[in-house]
Structures are given as structure tokens and as C-alpha cells.
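Participant: Mind looking over this structure? Questions follow.
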Protein chains: 2
Amino acid sequence: MNRNMNQWFEDFSNGSMRALARIISLVENDEPIDDDLRDQLYQRTGQAYRIGITGPPGAGKSTLVNQMTKLYRQQGKTVGIIAVDPTSPFTGGALLGDRVRMDDHTLDSGVFIRSMATRGSLGGLAAKAQEAADMLDAFGKDIVIYETVGVGQSELDIVEAADTTLVVLVPESGDSVQAMKAGLMEIADIFVMNKADREGADRALRELSAMLHLRPAQAWNPPVKKAVAMKNDGVIDILETIGKHRHHLEDGDLLTRKRKQRFVKTVHALVSYRLKQDFWDETARQILEGHIESLDQKKTSPYRAAKQLMANYREGVR
Amino acid sequence: MNRNMNQWFEDFSNGSMRALARIISLVENDEPIDDDLRDQLYQRTGQAYRIGITGPPGAGKSTLVNQMTKLYRQQGKTVGIIAVDPTSPFTGGALLGDRVRMDDHTLDSGVFIRSMATRGSLGGLAAKAQEAADMLDAFGKDIVIYETVGVGQSELDIVEAADTTLVVLVPESGDSVQAMKAGLMEIADIFVMNKADREGADRALRELSAMLHLRPAQAWNPPVKKAVAMKNDGVIDILETIGKHRHHLEDGDLLTRKRKQRFVKTVHALVSYRLKQDFWDETARQILEGHIESLDQKKTSPYRAAKQLMANYREGVR
């Protein structure tokens, strides 16, 4: 097994996309990977620029990512994409958007796309998405894009770890109060008003700008960019704006600081996940089962169960 | 302190809304509450019917909850609402929707509304939302409504713990593929197509129905209800459909099973939260700090840091 693993890592180092795919799968499926190998890979990271893209469902994020990828490829840059997509049992996995996207780049070895599922996954998604991004970075991708349907906390955690975060809105869902409610306003480095050829786009843009002006001026004030990703309108401008934000970060020690934050977030996510796996052993499961059985007689409560489980864990570790 | 706490619980038992608000605040702010008291309160739960309401930002969830609450009050039922709202530093807390909602019921002692923030909270939101709902149940509310801007995993966890879960869509965001992407299709017991007087409503309804027909027939096939919550159109029908779903659950042992699932979810959430608090003590923070400092020399990785932290934790517990 271990020699086999070493072989995969060697192939990875030699630029094998199959090895890259395989190693990301190991991470995603919680298969044991030697921490030293992980360590070695991590030492090779730090070259890729990481872009996070989020926004409400239907904002056209996949289309935008697709167009951005085409442009980066034209500039000679290689691209890795981590699409965090809630999968549905209806479709059994890959979703329409991904299929479309995949088809566009399927013959291009400079693009690597991986979808990660939120539902039904074994947990630890934030840590896994970061590690997959690290793999893409170590593999030598120039650009790593995280894309999530972002409203939930764990999805926000993922994109927030990027160097530049884009929040994509559309006129219809672009009601600024709603975007604010979804917690998207605070994490944006750049706003994209997509589908800007639709009715209501100007009103939506005005509302968003008005909202943003309520904030005290900062060293970087998130610009709002219009786009029609489907027609490739405005996408070059978005890439240039990402470049400006990158210069802004590199100008001070901001990029280093962002990367430290990403390190801390990854450690937190890893620890949470490992603790949980450690905790829920056979004994813990049996204790919980016992409490569930006594639930009918109203002889327990979640607080009593949690207390006993914590005591048992401390006992067990000892 | 403890006598004080006992006093609050006595007032709570005597129906003091101030005590209810106070005790929910204790939970939300992680102040120590005696587990025996928590236990006693939990013994009084099981009377309230719990309704979860979720959907994309801008779907009109708050308005719907407001109208439903009015109707339940007309039926003589008391209502408790847990609104899980990502707060924004822009507004410093309460959001427009809540203000509107609050104003409608502020003089009605039969309605209790509590907003809980997702961003910047101390964590453990799912556990806290469940405990707040338990408090409302124990206090004697007939109906408990959880409302969340639902796309993320932790938000879905909250509404999934309800007896009946409503997913609210609107024609604009109602593209079924998008709702599916957001993981909303699997958790719905009832779909509400809100703002059904808008253009595109019929198309959206057809799409949604077509999607739902792809599923194998189940004992309960989630119906799709049209509504214009703002005009109070279709809200009575929604309440009746909730009643039907309730009968469906009560007919078998489904309600009991749902409540067991809720128990398990609450225990899991409590344990995760307590483990995390236990783990991140002063020593753990210092270890992490050390790794951050050696990051510049590329002498660490998140995996190495997590490994050392886990080892230290096991050591420390011992």
C-alpha cells in the first residue's frame, strides 16, 4: 500500500494528471495518506493564485468560471477548479453545470476540474477543499478557483480562504438587502453583477453601490463589475480587476497575512474533523443508542447524553 | 449565581416571557447552565409542532412566516419563531425583515421571536437553535417555526430537524436545477412557490413538478403550493397542507422517528461544540502560534500542525 502510494506521488511529481486525480480522491474519501507525504506536497505550494467565487444559486457562477478559465488559458496560465456542489440523489452526482463546463475543457490538459459534494460527504469538506486546492497548487497550477453555491457558513469558509473573492449577483437576486442577509457582503473583494443585460440591472447596481457606500472607506474598496458571462461580456475586465487586487495584496504584507489565515483555517478544519472521527467510536455509538432507547420513557435529554459521552471520551483517552 | 438561575427557571415555569428570553440568551451566549435544569426543561418538550422554513435569499420567507403566524394566532395557537439570520456588521444586527416582522406581533404575548446570528457567533449554532426551540416547546408554544436562509449545510441541519419542512421558491430563483443544486429538493415536505403572481410562475411550477416526478413515488409526495405571501394568498392552504403532513407523520411511527433523529442531531451538535471548546485551550493556541511563525521558513504544514495538536490533546487529557 505504502509503496503504491509513493508511486502515485512520484507520478504526481512527474505531472501525471491521473495521479493528481487519484490523490485528490484519496483525500476526498478519507483514505489514509502518510502525513510526511502530505507535508512534502505542502512544501511545494505557494505558487498558485487562489480565487474564490460564490453567490446565490442561479447567478451563473459556473458559466463565469468557464469563461475566466478560457481567458486564463489564452494567457498561457494553467487552471485548477474545485467546485463545491451540493449533489443530489436525483441525479446521482454530476450536475448539469459541471457537465457543460467539463465538455469545454475536457481535451485541455491545462485545466483540471474537481467537483466535491456537500451532501452525503463524509464530512470535513472545508479541510478537504483546502487540501485539494493545495494539491493543485503543488501540482503547478497557476490559478486555483474555488467555486461554491455560497450562503452557508461552511461554504463561505471555503471561498474566504482564497486570495481574491468574487461575489456574483444577478439583477433578480441582486437585492442588496438579500445579499447582505446571506453574509456575502463582507467577504467580497470584487462584486460581479452578472446577467447585466437583464431588466433591473441598473437599479440593482445602484442599490448595491448605495449599500457599499455605507461602509467606511478601506484600503481596498470592493469594485462592482458588470458582466454577461454567457456572452463573454465583461470577463476580461474581471480578470484585470483580480490582477489589481492581487497587486494590492502583494504591495503590503497582505498576501502573507491571507495565507496565514488560510493555514489557521485549514488546521482548525482538520482538527475538528479528526476529533469527531476519534470521538465517535463503537462505545460512543452504543452510549448514544442507549439514550435513544430511553427516550420514550423521557429518561434522558441531549444534555445528559452529551455529558455522559464527553465523560466517556475523557475516560477512554486516559 | 445558581440560586439566581433557579429563580429564572421558576419564572419560566410560571410563564414569564422575560425569563424565556433570558434563558435563551444564556444558551446563545454560552453561559453556564446547570445540566440538571436543562434536563428538567427537556422533559417538558414534545408538545410543540415544529415547522422548518428555508429557501434562497429573497424568496419571501419572513413574510410567509409572518402571515402563517397571524393565521395560527387566529386559530388560538401560540407561536415561537427561531430566525437564523446571518447578521451583517453593516447594520449591527437586526435586519429589515425582522424589524417588520417584530412590529406586527410585538404586542402579542402569544408570539415569541428570536433571531440568532450565524456570522460572528461563538459557534455551535445548530445545537443552540435546537435548544432554543426546545425552550419554546417547554414554555408551552403550540407551534415552533425555524426559519433560515438555507443553502449551507449547517442551515439545512437546522430546518431538517423540524417535523414538517417547507422549501420556499420564487419564479425567478425557482429554476429547479438551481434549487436542486442548493440541496433543497431532498429536505422538502412541502414546496411553496411564493410570489406566484409574477411572470414565469407557471413555467417555474411546471419545471418543479417535472423534477419531482423523476423521483420514485413515496408514502408522502411533497406537494407544490402556490402563494403570494405579501397578499396573504394561499397561506391558509399551506397551513392545511402542513396539517395533512402532520396527520401523515402521526399515522405511523414517523413522528417518533423524526424526534429520535432530532435527538441524535442535537447530541452530535452538542458534542462537536463541547469538544472544540475543550480542545482549543491555551496550550493548543500556543502550539498553533508556533506553527504560524515557522510558516515563513516553510517548516510546517497544516497536517503536521494538526498531528501535533491532536497528540498534545491526548497527552493533556491523560
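Naming scheme: A, B, ... for chains in displayed order of the C-alpha cells; residues 1 onward per chain; ligands 1 onward as shown.
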Mind checking which residues fall within 9 Å of range 256-263 of chain B, counting only C-alpha atoms, ignoring those fewer than 6 positions away in the same chain, and posting them as number ranges by chain?

Facilitator: A: 292, 295-296, 301-302; B: 46, 130, 160-163, 249-250

Participant: Next, write the just-selected residues to a file, as an mmCIF file, in the first residue's frame, keeping N, CA and C atoms as the atom set.

Facilitator:
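Generated file (selection.cif):
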data_model
loop_
_atom_site.group_PDB
_atom_site.id
_atom_site.type_symbol
_atom_site.label_atom_id
_atom_site.label_comp_id
_atom_site.auth_asym_id
_atom_site.auth_seq_id
_atom_site.Cartn_x
_atom_site.Cartn_y
_atom_site.Cartn_z
ATOM 1 N N ILE A 292 -31.074 6.810 23.102
ATOM 2 C CA ILE A 292 -32.206 6.842 22.162
ATOM 3 C C ILE A 292 -33.298 5.895 22.642
ATOM 4 N N LEU A 295 -35.416 7.222 25.373
ATOM 5 C CA LEU A 295 -36.063 8.495 25.025
ATOM 6 C C LEU A 295 -37.576 8.413 25.210
ATOM 7 N N ASP A 296 -38.155 7.250 24.901
ATOM 8 C CA ASP A 296 -39.609 7.082 25.003
ATOM 9 C C ASP A 296 -40.097 7.271 26.441
ATOM 10 N N SER A 301 -31.995 13.318 28.067
ATOM 11 C CA SER A 301 -32.074 14.569 27.313
ATOM 12 C C SER A 301 -30.775 14.648 26.523
ATOM 13 N N PRO A 302 -30.741 15.478 25.479
ATOM 14 C CA PRO A 302 -29.490 15.599 24.718
ATOM 15 C C PRO A 302 -28.338 16.058 25.599
ATOM 16 N N GLY B 46 -41.989 18.227 23.632
ATOM 17 C CA GLY B 46 -42.709 17.158 22.936
ATOM 18 C C GLY B 46 -44.138 17.557 22.595
ATOM 19 N N GLN B 130 -31.527 24.347 18.217
ATOM 20 C CA GLN B 130 -32.362 23.256 18.733
ATOM 21 C C GLN B 130 -32.730 23.496 20.186
ATOM 22 N N GLU B 160 -33.957 20.730 8.899
ATOM 23 C CA GLU B 160 -34.221 19.307 8.730
ATOM 24 C C GLU B 160 -34.695 18.662 10.033
ATOM 25 N N ALA B 161 -34.371 19.303 11.130
ATOM 26 C CA ALA B 161 -34.774 18.777 12.425
ATOM 27 C C ALA B 161 -36.249 19.048 12.713
ATOM 28 N N ALA B 162 -36.926 19.775 11.833
ATOM 29 C CA ALA B 162 -38.335 20.089 12.038
ATOM 30 C C ALA B 162 -39.220 18.881 11.732
ATOM 31 N N ASP B 163 -40.470 18.933 12.182
ATOM 32 C CA ASP B 163 -41.412 17.865 11.842
ATOM 33 C C ASP B 163 -41.842 18.000 10.382
ATOM 34 N N LEU B 249 -47.566 11.915 9.391
ATOM 35 C CA LEU B 249 -46.498 11.508 10.310
ATOM 36 C C LEU B 249 -47.060 10.779 11.527
ATOM 37 N N GLU B 250 -48.199 11.288 12.022
ATOM 38 C CA GLU B 250 -48.772 10.718 13.244
ATOM 39 C C GLU B 250 -49.427 9.361 12.987
#

Participant: May I have the residues within 9 Å of Ile187 in chain B as a PyMOL selection string, using only C-alpha atoms and disregarding those fewer than 3 positions away in the same chain?

Facilitator: chain B and resi 156+159-160+165-167+183-184

Participant: Determine, counting only C-alpha atoms, which protein, DNA and RNA residues have an atom within 12 Å of an atom of Tyr72 in chain A; residues of the same chain fewer than 2 positions away are not included. Present the result as a VMD selection string.

Facilitator: chain A and resid 49 65 to 70 74 to 80 110 to 111 141 to 145 235 to 236 238 to 240 242 to 243

Participant: Name the closest residue to chain B among the candidates A:Thr164, A:Gln43, A:Ser294, A:Gln218; distances are taken between atoms, counting only C-alpha atoms.

Facilitator: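 Smallest distance to chain B is found for A:Gln43.
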
Participant: Mind the document's chain letters and residue numbers, and return as number ranges by chain the residues of range 141-296 of chain A that DSSP labels helix (DSSP H, G or I).

Facilitator: A: 153-160, 176-181, 201-213, 229-231, 235-251, 254-279, 282-293

Participant: As an mmCIF file with N, CA and C atoms, in the first residue's frame, please: all residues of range 157-246 of chain A that backbone DSSP puts in strand (DSSP E).

Facilitator:
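What follows is the written file selection-v2.cif:
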data_model
loop_
_atom_site.group_PDB
_atom_site.id
_atom_site.type_symbol
_atom_site.label_atom_id
_atom_site.label_comp_id
_atom_site.auth_asym_id
_atom_site.auth_seq_id
_atom_site.Cartn_x
_atom_site.Cartn_y
_atom_site.Cartn_z
ATOM 1 N N THR A 164 -8.327 36.225 -3.622
ATOM 2 C CA THR A 164 -9.336 37.193 -4.069
ATOM 3 C C THR A 164 -10.690 36.500 -4.121
ATOM 4 N N THR A 165 -11.684 37.105 -3.517
ATOM 5 C CA THR A 165 -13.014 36.504 -3.501
ATOM 6 C C THR A 165 -14.000 37.331 -4.316
ATOM 7 N N LEU A 166 -14.634 36.676 -5.277
ATOM 8 C CA LEU A 166 -15.661 37.317 -6.101
ATOM 9 C C LEU A 166 -17.043 36.903 -5.605
ATOM 10 N N VAL A 167 -17.926 37.870 -5.432
ATOM 11 C CA VAL A 167 -19.320 37.554 -5.144
ATOM 12 C C VAL A 167 -20.142 37.890 -6.383
ATOM 13 N N VAL A 168 -20.801 36.882 -6.922
ATOM 14 C CA VAL A 168 -21.563 37.045 -8.161
ATOM 15 C C VAL A 168 -23.042 37.214 -7.827
ATOM 16 N N LEU A 169 -23.621 38.302 -8.286
ATOM 17 C CA LEU A 169 -25.045 38.544 -8.080
ATOM 18 C C LEU A 169 -25.701 38.701 -9.441
ATOM 19 N N ILE A 190 -14.378 41.647 -4.830
ATOM 20 C CA ILE A 190 -14.927 42.177 -6.081
ATOM 21 C C ILE A 190 -16.366 41.674 -6.211
ATOM 22 N N PHE A 191 -17.263 42.580 -6.584
ATOM 23 C CA PHE A 191 -18.623 42.150 -6.897
ATOM 24 C C PHE A 191 -18.784 42.041 -8.406
ATOM 25 N N VAL A 192 -19.483 41.003 -8.839
ATOM 26 C CA VAL A 192 -19.826 40.882 -10.254
ATOM 27 C C VAL A 192 -21.344 40.890 -10.369
ATOM 28 N N MET A 193 -21.889 41.874 -11.112
ATOM 29 C CA MET A 193 -23.316 41.837 -11.416
ATOM 30 C C MET A 193 -23.446 41.135 -12.763
ATOM 31 N N VAL A 224 -17.537 47.109 -8.217
ATOM 32 C CA VAL A 224 -18.661 46.343 -8.753
ATOM 33 C C VAL A 224 -18.516 46.279 -10.272
ATOM 34 N N LYS A 225 -18.438 45.089 -10.823
ATOM 35 C CA LYS A 225 -18.229 44.904 -12.257
ATOM 36 C C LYS A 225 -19.468 44.295 -12.916
ATOM 37 N N LYS A 226 -19.867 44.887 -14.050
ATOM 38 C CA LYS A 226 -20.978 44.322 -14.813
ATOM 39 C C LYS A 226 -20.457 43.223 -15.745
#

Participant: Leu309 in chain B: which residues within 9 Å, counting only C-alpha atoms, same-chain residues fewer than 3 positions away excluded, as a PDB file with N, CA and C atoms, in the first residue's frame?

Facilitator:
ATOM      1  N   VAL A 271      -8.502  19.632  12.527  1.00  0.00           N
ATOM      2  CA  VAL A 271      -8.645  19.205  13.917  1.00  0.00           C
ATOM      3  C   VAL A 271     -10.099  18.841  14.223  1.00  0.00           C
TER       4      VAL A 271
ATOM      5  N   PHE B 279     -10.856  21.484  23.320  1.00  0.00           N
ATOM      6  CA  PHE B 279      -9.593  21.297  22.603  1.00  0.00           C
ATOM      7  C   PHE B 279      -8.738  22.556  22.574  1.00  0.00           C
ATOM      8  N   ALA B 284      -2.915  24.656  23.256  1.00  0.00           N
ATOM      9  CA  ALA B 284      -3.208  24.402  21.838  1.00  0.00           C
ATOM     10  C   ALA B 284      -2.996  25.674  21.027  1.00  0.00           C
ATOM     11  N   ILE B 287       0.698  26.229  20.521  1.00  0.00           N
ATOM     12  CA  ILE B 287       1.265  25.321  19.519  1.00  0.00           C
ATOM     13  C   ILE B 287       0.957  25.840  18.119  1.00  0.00           C
ATOM     14  N   LEU B 288      -0.296  26.224  17.924  1.00  0.00           N
ATOM     15  CA  LEU B 288      -0.684  26.758  16.610  1.00  0.00           C
ATOM     16  C   LEU B 288       0.132  28.003  16.276  1.00  0.00           C
ATOM     17  N   ARG B 304       1.029  18.627   9.650  1.00  0.00           N
ATOM     18  CA  ARG B 304       1.957  18.484  10.761  1.00  0.00           C
ATOM     19  C   ARG B 304       1.400  19.170  12.015  1.00  0.00           C
ATOM     20  N   ALA B 305       0.862  20.367  11.812  1.00  0.00           N
ATOM     21  CA  ALA B 305       0.303  21.111  12.947  1.00  0.00           C
ATOM     22  C   ALA B 305      -0.850  20.350  13.579  1.00  0.00           C
ATOM     23  N   ALA B 306      -1.762  19.849  12.740  1.00  0.00           N
ATOM     24  CA  ALA B 306      -2.922  19.123  13.264  1.00  0.00           C
ATOM     25  C   ALA B 306      -2.479  17.874  14.030  1.00  0.00           C
ATOM     26  N   ASN B 312      -0.950  16.438  21.413  1.00  0.00           N
ATOM     27  CA  ASN B 312      -0.936  17.235  22.633  1.00  0.00           C
ATOM     28  C   ASN B 312      -2.247  17.103  23.400  1.00  0.00           C
ATOM     29  N   TYR B 313      -3.346  17.072  22.669  1.00  0.00           N
ATOM     30  CA  TYR B 313      -4.651  16.963  23.310  1.00  0.00           C
ATOM     31  C   TYR B 313      -4.770  15.643  24.057  1.00  0.00           C
ATOM     32  N   ARG B 314      -4.379  14.572  23.385  1.00  0.00           N
ATOM     33  CA  ARG B 314      -4.457  13.251  24.022  1.00  0.00           C
ATOM     34  C   ARG B 314      -3.570  13.218  25.271  1.00  0.00           C
TER      35      ARG B 314
END
